[in-house]
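Read the structure below first, then the notes.
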Amino acid sequence: MERVRLTDNLELSRLVYGMWRVADDADITPGHVTAKIMACLDQGITTFDQADIYGGYTAEAVLGGALRANPGLRDRMEIVTKCDIVAPVGRHAGAKVKYYDTSRAHIQASVEASLRDMATDRIDLLLIHRPDPLMDHHETGAALDDLVAAGKVRAVGVSNFRPWDWQLLQSAMKTPLVTNQIEISLGHLAPFTNGDLAFHQRHGHRLMAWSPLGGGTLMSGDSPVGPVADAIANAHGVDRAAVAVAFLLAHPAGILPVLGTNNLGRIRAISDALKVRLSREDWYRLYTAALGKEVP
Amino acid sequence: MERVRLTDNLELSRLVYGMWRVADDADITPGHVTAKIMACLDQGITTFDQADIYGGYTAEAVLGGALRANPGLRDRMEIVTKCDIVAPVGRHAGAKVKYYDTSRAHIQASVEASLRDMATDRIDLLLIHRPDPLMDHHETGAALDDLVAAGKVRAVGVSNFRPWDWQLLQSAMKTPLVTNQIEISLGHLAPFTNGDLAFHQRHGHRLMAWSPLGGGTLMSGDSPVGPVADAIANAHGVDRAAVAVAFLLAHPAGILPVLGTNNLGRIRAISDALKVRLSREDWYRLYTAALGKEVP
Amino acid sequence: MERVRLTDNLELSRLVYGMWRVADDADITPGHVTAKIMACLDQGITTFDQADIYGGYTAEAVLGGALRANPGLRDRMEIVTKCDIVAPVGRHAGAKVKYYDTSRAHIQASVEASLRDMATDRIDLLLIHRPDPLMDHHETGAALDDLVAAGKVRAVGVSNFRPWDWQLLQSAMKTPLVTNQIEISLGHLAPFTNGDLAFHQRHGHRLMAWSPLGGGTLMSGDSPVGPVADAIANAHGVDRAAVAVAFLLAHPAGILPVLGTNNLGRIRAISDALKVRLSREDWYRLYTAALGKEVP
């Protein structure tokens with residue numbers, strides 16, 4: 001599995017396992033969660049993507065259960081997690097509305113809860129989950145710098161930021177932001193042309209892609225992309241999902257797809273996507289099908 | 001009242017009194033206009049927002065009447081005015097179409113007319129009223145620089161500019177642009193996420209907000225924001241308008257709301273908005289109600 | 001005819017003759033094509049705009065026929081051509097889908113074909129025809145730099161690029177991009193306000209305008225711009241098309257309109273547009289009519 005170096009002391013696996021539904025599985029025992037992690041590690045997938053809010057603020061503890069039960073497992077993984085969404089559920093049930101909180105106090109408290117729930121002493125990569133229209137970039141930037149300086153967080157990035165959000169936060173930080181985890185897929189093509197991808201490519205930032213299968217709609221029977229993806233999949237001896245991931249892997253920006261499934265069999269097949277080297281023509285066949293019309 | 005320093009020799013009051021309807025009042029005698037000004041000064045509101053075009057090119061003269069009648073009053077105020085809109089009314093009745101004029105000749109003539117009409121020897125802050133798609137930035141920038149050098153204008157800014165309009169004009173100027181007066185309110189949320197606010201925050205520019213009450217729709221009975229604003233207003237012992245202004249004041253960009261009313265009683269209550277310190281949660285309750293859906 | 005200097009060794013004529021339909025004419029003999037070229041040269045129009053894909057990859061050869069038949073003609077002209085569109089027609093009939101190819105191999109092969117088809121040893125200005133969402137800017141940038149270094153191409157630019165596309169490609173190049181050929185006209189006003197024009201004005205780039213007559217809709221009987229354009233045309237003793245071109249020429253960005261017609265009579269009248277000096281008011285009369293409402 002290709003390794004992606006983000007900083008002097010942080011490397012991720014090119015494919016990332018997403019844990020946003022890990023708490024929704026019928027079996028959340030440490031043994032079952034450990035089996036999923038091992039299935040990833042067996043393929044070289046060492047990076048696991050979390051967020052404080054996943055599972056209604058419970059997914060990190062589900063992962064923590066497995067880490068507590070398996071001393072030594074933590075050191076074989078990189079953990080990405082996120083903060084700033086406050087939704088009226090779980091530990092934030094008292095909130096009157098869903099909102100974002102990029103205050104120093106909230107970020108610090110969120111990181112402490114993440115460390116405790118995941119039974120670890122460090123987060124490899126912390127992301128601000130959503131751009132907060134009320135962000136005080138000086139306060140947020142300093143809070144993130146301080147977490148890195150304190151060693152609680154090895155690197156910092158963002159998620160769902162537009163270029164101007166990135167520039168605002170970065171302008172108030174000493175530490176470089178190392179990634180932006182965005183929605184980009186055959187089901188969400190906008191970043192290919194709206195300047196988001198171009199901005200990050202120009203500056204050499206690595207992107208992570210959430211929902212790389214397009215939120216499942218791509219996988220449904222009547223997706224317009226389906227027949228094209230199937231034809232290409234057949235030619236490469238993989239399934240439609242692998243082609244959708246290969247579509248992202250083929251881009252020169254070096255995107256890291258975040259793949260999540262609770263199905264052990266599917267976990268074992270995630271890295272099939274790496275077998276597919278899409279030709280430019282096939283890339284555009286997929287792009288065009290997803291766009292719904294030929295390019296101008 | 002908080003003071004906002006824009007340059008070495010220009011400070012504005014945090015709340016600004018908008019005079020766009022001063023000429024529409026039934027009473028435009030110097031005595032009545034002076035009463036409005038005094039009601040502002042009593043609260044520490046020392047900054048008055050004008051434009052050549054307000055009142056069909058008559059509002060500046062209405063203010064001028066009060067200034068002529070009250071020697072010494074001018075020195076207790078900062079006057080903001082604007083130019084570049086040519087509409088077929090008043091002194092421009094002969095125009096065949098509404099248009100923008102950022103030529104040197106027009107800006108100079110407009111400033112001379114503003115000085116004469118307002119019976120003053122200086123404009124504290126001159127804004128280009130609207131981005132002009134036909135702007136020659138070299139010509140416009142030099143014209144503005146020259147007005148500052150001549151002492152006729154103490155500082156220069158813009159209004160309704162997008163970031164690229166600002167960068168274009170600024171690139172051809174020696175004097176720094178000090179503000180952008182934009183529409184931003186619970187009735188116009190776009191700048192919170194479209195990069196406008198982020199751009200100005202990043203560069204430390206102070207923004208002014210026109211129509212901070214959302215053009216009156218927020219004040220109407222059936223506004224979706226109404227019930228939320230009322231609940232927060234009741235908790236703070238103020239009215240709905242004060243909450244709408246507090247929504248802007250709470251933002252870390254340090255926005256200066258421009259408030260206009262011809263009602264003397266309401267003028268005396270403008271600074272009530274400063275009493276309200278919105279919590280982050282209440283800010284998002286308002287934002288969410290105005291957005292019409294919860295944040296993603 | 002005004003000359004526009006793009007680099008130390010490249011000047012274009014302010015008006016450019018567009019050859020996108022040259023292969024569609026009933027008469028594509030060298031003699032007839034030469035007559036068109038001479039009609040342009042007689043007016044000082046020395047710049048001719050091509051693309052590999054025009055006429056289904058045949059237009060360059062039609063021009064080449066005339067150049068072969070008239071030794072010496074080539075040195076009186078500047079030739080602009082473009083590459084990166086692969087459409088399933090002509091030499092690319094085997095393509096399964098229309099796509100863009102900014103790979104080094106494709107650009108080199110396209111340039112070689114253009115040189116051969118046009119019977120010339122150099123392209124004065126090569127443009128990347130469309131932004132390619134799969135562009136590897138390092139590869140594309142180096143390929144363009146190398147073509148300039150090899151003398152096969154005298155200067156390089158782009159077409160239909162947004163500012164972020166330009167910045168991405170330029171960031172990986174030694175040679176400066178010298179122009180962006182975009183759609184801008186009374187039929188396509190977006191670049192006047194969406195930041196495209198502002199970006200290029202700020203950096204002093206010269207723009208070329210394709211479809212300056214708005215794709216013909218402006219010329220139709222029921223265009224809302226028609227009556228205004230006709231009134232202005234009558235006042236200047238020219239036709240509606242000349243006014244549409246003058247609308248672009250009046251802009252301070254110094255736009256180079258690309259005009260194409262196979263009608264010899266119309267070719268001889270192209271430079272009529274240069275006779276018209278639009279007043280600011282007339283410019284806005286046209287702009288407003290095209291916008292469908294007055295400016296804010």
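Lettering and numbering for the structure tokens are positional, with chains as A, B, ... in the shown order, residues counted from 1 in each chain, and ligands counted from 1 in the shown order.
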Near chain C, 12 Å: chain B residue rows, closest pairs, only C-alpha atoms, as JSON lines:
{"residue": "B:Ile85", "atom": "CA", "partner": "C:Pro296", "partner_atom": "CA", "distance": 9.3}
{"residue": "B:Val86", "atom": "CA", "partner": "C:Glu281", "partner_atom": "CA", "distance": 9.5}
{"residue": "B:Ala87", "atom": "CA", "partner": "C:Val295", "partner_atom": "CA", "distance": 9.9}
{"residue": "B:Pro88", "atom": "CA", "partner": "C:Glu281", "partner_atom": "CA", "distance": 11.2}
{"residue": "B:His92", "atom": "CA", "partner": "C:Glu281", "partner_atom": "CA", "distance": 11.8}
{"residue": "B:Gly94", "atom": "CA", "partner": "C:Glu281", "partner_atom": "CA", "distance": 10.9}
{"residue": "B:Ala95", "atom": "CA", "partner": "C:Glu281", "partner_atom": "CA", "distance": 7.6}
{"residue": "B:Lys96", "atom": "CA", "partner": "C:Glu281", "partner_atom": "CA", "distance": 7.2}
{"residue": "B:Val97", "atom": "CA", "partner": "C:Arg285", "partner_atom": "CA", "distance": 6.1}
{"residue": "B:Lys98", "atom": "CA", "partner": "C:Glu294", "partner_atom": "CA", "distance": 6.4}
{"residue": "B:Tyr99", "atom": "CA", "partner": "C:Tyr284", "partner_atom": "CA", "distance": 6.0}
{"residue": "B:Tyr100", "atom": "CA", "partner": "C:Tyr284", "partner_atom": "CA", "distance": 8.2}
{"residue": "B:Asp101", "atom": "CA", "partner": "C:Arg280", "partner_atom": "CA", "distance": 7.7}
{"residue": "B:Thr102", "atom": "CA", "partner": "C:Arg280", "partner_atom": "CA", "distance": 10.1}
{"residue": "B:Ser103", "atom": "CA", "partner": "C:Arg280", "partner_atom": "CA", "distance": 9.5}
{"residue": "B:His106", "atom": "CA", "partner": "C:Arg280", "partner_atom": "CA", "distance": 11.3}
{"residue": "B:His129", "atom": "CA", "partner": "C:Pro296", "partner_atom": "CA", "distance": 10.4}
{"residue": "B:Arg130", "atom": "CA", "partner": "C:Pro296", "partner_atom": "CA", "distance": 8.3}
{"residue": "B:Pro131", "atom": "CA", "partner": "C:Thr193", "partner_atom": "CA", "distance": 8.4}
{"residue": "B:Asp132", "atom": "CA", "partner": "C:Thr193", "partner_atom": "CA", "distance": 8.7}
{"residue": "B:Pro133", "atom": "CA", "partner": "C:Phe192", "partner_atom": "CA", "distance": 5.5}
{"residue": "B:Leu134", "atom": "CA", "partner": "C:His251", "partner_atom": "CA", "distance": 5.9}
{"residue": "B:Met135", "atom": "CA", "partner": "C:Pro252", "partner_atom": "CA", "distance": 7.1}
{"residue": "B:Asp136", "atom": "CA", "partner": "C:Pro252", "partner_atom": "CA", "distance": 5.5}
{"residue": "B:His137", "atom": "CA", "partner": "C:Arg202", "partner_atom": "CA", "distance": 8.2}
{"residue": "B:His138", "atom": "CA", "partner": "C:Pro252", "partner_atom": "CA", "distance": 9.6}
{"residue": "B:Glu139", "atom": "CA", "partner": "C:Pro252", "partner_atom": "CA", "distance": 10.0}
{"residue": "B:Thr140", "atom": "CA", "partner": "C:Pro252", "partner_atom": "CA", "distance": 11.6}
{"residue": "B:Asn160", "atom": "CA", "partner": "C:Pro296", "partner_atom": "CA", "distance": 10.2}
{"residue": "B:Phe161", "atom": "CA", "partner": "C:Thr193", "partner_atom": "CA", "distance": 9.9}
{"residue": "B:Arg162", "atom": "CA", "partner": "C:Gly195", "partner_atom": "CA", "distance": 8.1}
{"residue": "B:Pro163", "atom": "CA", "partner": "C:Gly195", "partner_atom": "CA", "distance": 8.4}
{"residue": "B:Trp164", "atom": "CA", "partner": "C:Gly195", "partner_atom": "CA", "distance": 5.5}
{"residue": "B:Asp165", "atom": "CA", "partner": "C:Ala198", "partner_atom": "CA", "distance": 6.3}
{"residue": "B:Trp166", "atom": "CA", "partner": "C:Ala198", "partner_atom": "CA", "distance": 9.3}
{"residue": "B:Gln167", "atom": "CA", "partner": "C:Arg202", "partner_atom": "CA", "distance": 7.5}
{"residue": "B:Leu168", "atom": "CA", "partner": "C:Arg202", "partner_atom": "CA", "distance": 5.0}
{"residue": "B:Leu169", "atom": "CA", "partner": "C:Arg202", "partner_atom": "CA", "distance": 8.1}
{"residue": "B:Gln170", "atom": "CA", "partner": "C:Arg202", "partner_atom": "CA", "distance": 9.3}
{"residue": "B:Ser171", "atom": "CA", "partner": "C:Arg202", "partner_atom": "CA", "distance": 6.8}
{"residue": "B:Ala172", "atom": "CA", "partner": "C:Arg202", "partner_atom": "CA", "distance": 8.3}
{"residue": "B:Met173", "atom": "CA", "partner": "C:Arg202", "partner_atom": "CA", "distance": 11.7}
Exercise: C:Ala109 partners within 12 Å, only C-alpha atoms, chain neighbours under 6 positions left out, as a VMD selection string: chain C and resid 52 83 to 84 91 101 to 103 115 to 116 143 147
C:Thr58, C:Ser185, C:Asn180, C:Ser13 ranked by distance to C:Leu248, top pick (using only C-alpha atoms):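 The shortest atom-to-atom distance to C:Leu248 comes from C:Ser185.
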Atom CA of A:Asn9 to atom CA of A:Asp124, distance in Å rounded to a single decimal: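 One can read the atom CA of A:Asn9 to atom CA of A:Asp124 distance as 9.4 Å.
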To test your reading of the structure, identify every residue in stretch 118-290 of chain C that backbone DSSP assigns to strand (DSSP E), and report it as a compact mmCIF listing (two decimals) with C-alpha atoms, in the first residue's frame.
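Produced file part_15.txt, reproduced below:
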# COMPACT_ATOMS: atom_id res chain seq x y z
CA LEU C 125 0.63 31.45 -29.89
CA LEU C 126 -0.50 28.07 -28.60
CA LEU C 127 -3.48 27.90 -26.25
CA ILE C 128 -4.71 25.08 -24.02
CA VAL C 156 1.68 30.15 -24.72
CA GLY C 157 -1.74 30.93 -23.28
CA VAL C 158 -5.03 29.32 -22.37
CA SER C 159 -8.68 29.43 -23.28
CA LEU C 177 0.99 32.69 -19.98
CA VAL C 178 0.17 35.63 -22.22
CA THR C 179 -3.58 35.44 -22.74
CA ASN C 180 -6.85 33.74 -21.89
CA GLN C 181 -9.32 33.45 -24.75
CA ILE C 182 -12.74 33.46 -23.11
CA GLU C 183 -16.35 33.83 -24.04
CA ARG C 206 -4.56 40.64 -22.37
CA LEU C 207 -7.77 38.73 -23.06
CA MET C 208 -9.13 37.42 -26.32
CA ALA C 209 -12.91 37.20 -26.76
CA TRP C 210 -14.47 34.34 -28.67
CA LEU C 256 -8.94 41.31 -28.52
CA PRO C 257 -12.15 40.18 -30.23
CA VAL C 258 -11.93 37.12 -32.47
CA LEU C 259 -14.24 37.58 -35.43
Selection near stretch 61-73 of chain B, 8 Å with only C-alpha atoms, sequence-local residues under 4 positions removed, as a list in words: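 That gives Val22, Ala23, Ile28, Thr29, Pro30, Gly31, Val33, Thr34, Met77, Asp117, Met118, Ala119 and Thr120 of chain B.
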Picked from stretch 116-192 of chain A by DSSP as alpha helix (DSSP H), as number ranges by chain: A: 116-117, 137-149, 163-170
Spatial neighbours of A:Arg3, max dist 8 Å, only C-alpha atoms, sep filter under 6 positions, as a VMD selection string: chain A and resid 11 to 14
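Neighbouring residues of stretch 54-56 of chain C at 7 Å or closer, counting only C-alpha atoms and skipping chain neighbours under 3 positions away, are Trp20, Arg21, Ala23, Asp24, Gln50, Ala51, Ala59, Val89 and Gly90 of chain C.
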Nearby residues (only C-alpha atoms) at most 10 Å from stretch 231-240 of chain A, same-chain spacing under 5 positions excluded, as a ChimeraX atom specification: /A:213,218-219,225-226,245-246,269,272-273,275-278,282-283,285-286
Could you dump the residues just selected with C-alpha atoms as a PDB file, in the first residue's frame?
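Contents of selection30.pdb, freshly written:
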ATOM      1  CA  LEU A 213     -18.708   6.196  -3.658  1.00  0.00           C
ATOM      2  CA  LEU A 218     -23.595   5.502  -7.477  1.00  0.00           C
ATOM      3  CA  MET A 219     -23.963   1.958  -6.224  1.00  0.00           C
ATOM      4  CA  VAL A 225     -22.805   6.052 -14.154  1.00  0.00           C
ATOM      5  CA  GLY A 226     -23.535   2.397 -13.417  1.00  0.00           C
ATOM      6  CA  VAL A 245     -12.382   4.768  -5.992  1.00  0.00           C
ATOM      7  CA  ALA A 246      -9.937   4.359  -8.873  1.00  0.00           C
ATOM      8  CA  ALA A 269     -11.698  -6.004  -0.835  1.00  0.00           C
ATOM      9  CA  ASP A 272      -8.905  -3.795  -5.018  1.00  0.00           C
ATOM     10  CA  ALA A 273      -9.287  -0.209  -6.177  1.00  0.00           C
ATOM     11  CA  LYS A 275      -5.340  -2.601  -9.004  1.00  0.00           C
ATOM     12  CA  VAL A 276      -7.175  -0.366 -11.454  1.00  0.00           C
ATOM     13  CA  ARG A 277      -5.172   2.081 -13.556  1.00  0.00           C
ATOM     14  CA  LEU A 278      -7.761   4.091 -15.415  1.00  0.00           C
ATOM     15  CA  ASP A 282     -12.030   5.824 -19.273  1.00  0.00           C
ATOM     16  CA  TRP A 283     -11.701   8.541 -16.624  1.00  0.00           C
ATOM     17  CA  ARG A 285     -16.189   8.197 -19.736  1.00  0.00           C
ATOM     18  CA  LEU A 286     -16.987   8.071 -16.016  1.00  0.00           C
TER      19      LEU A 286
END
Atom CA of C:Gly18 to atom CA of C:Phe48, distance in Å rounded to a single decimal: 5.9 Å
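A straight line drawn from atom CA of C:Met1 to atom CA of C:Gly44 is 5.2 Å long.
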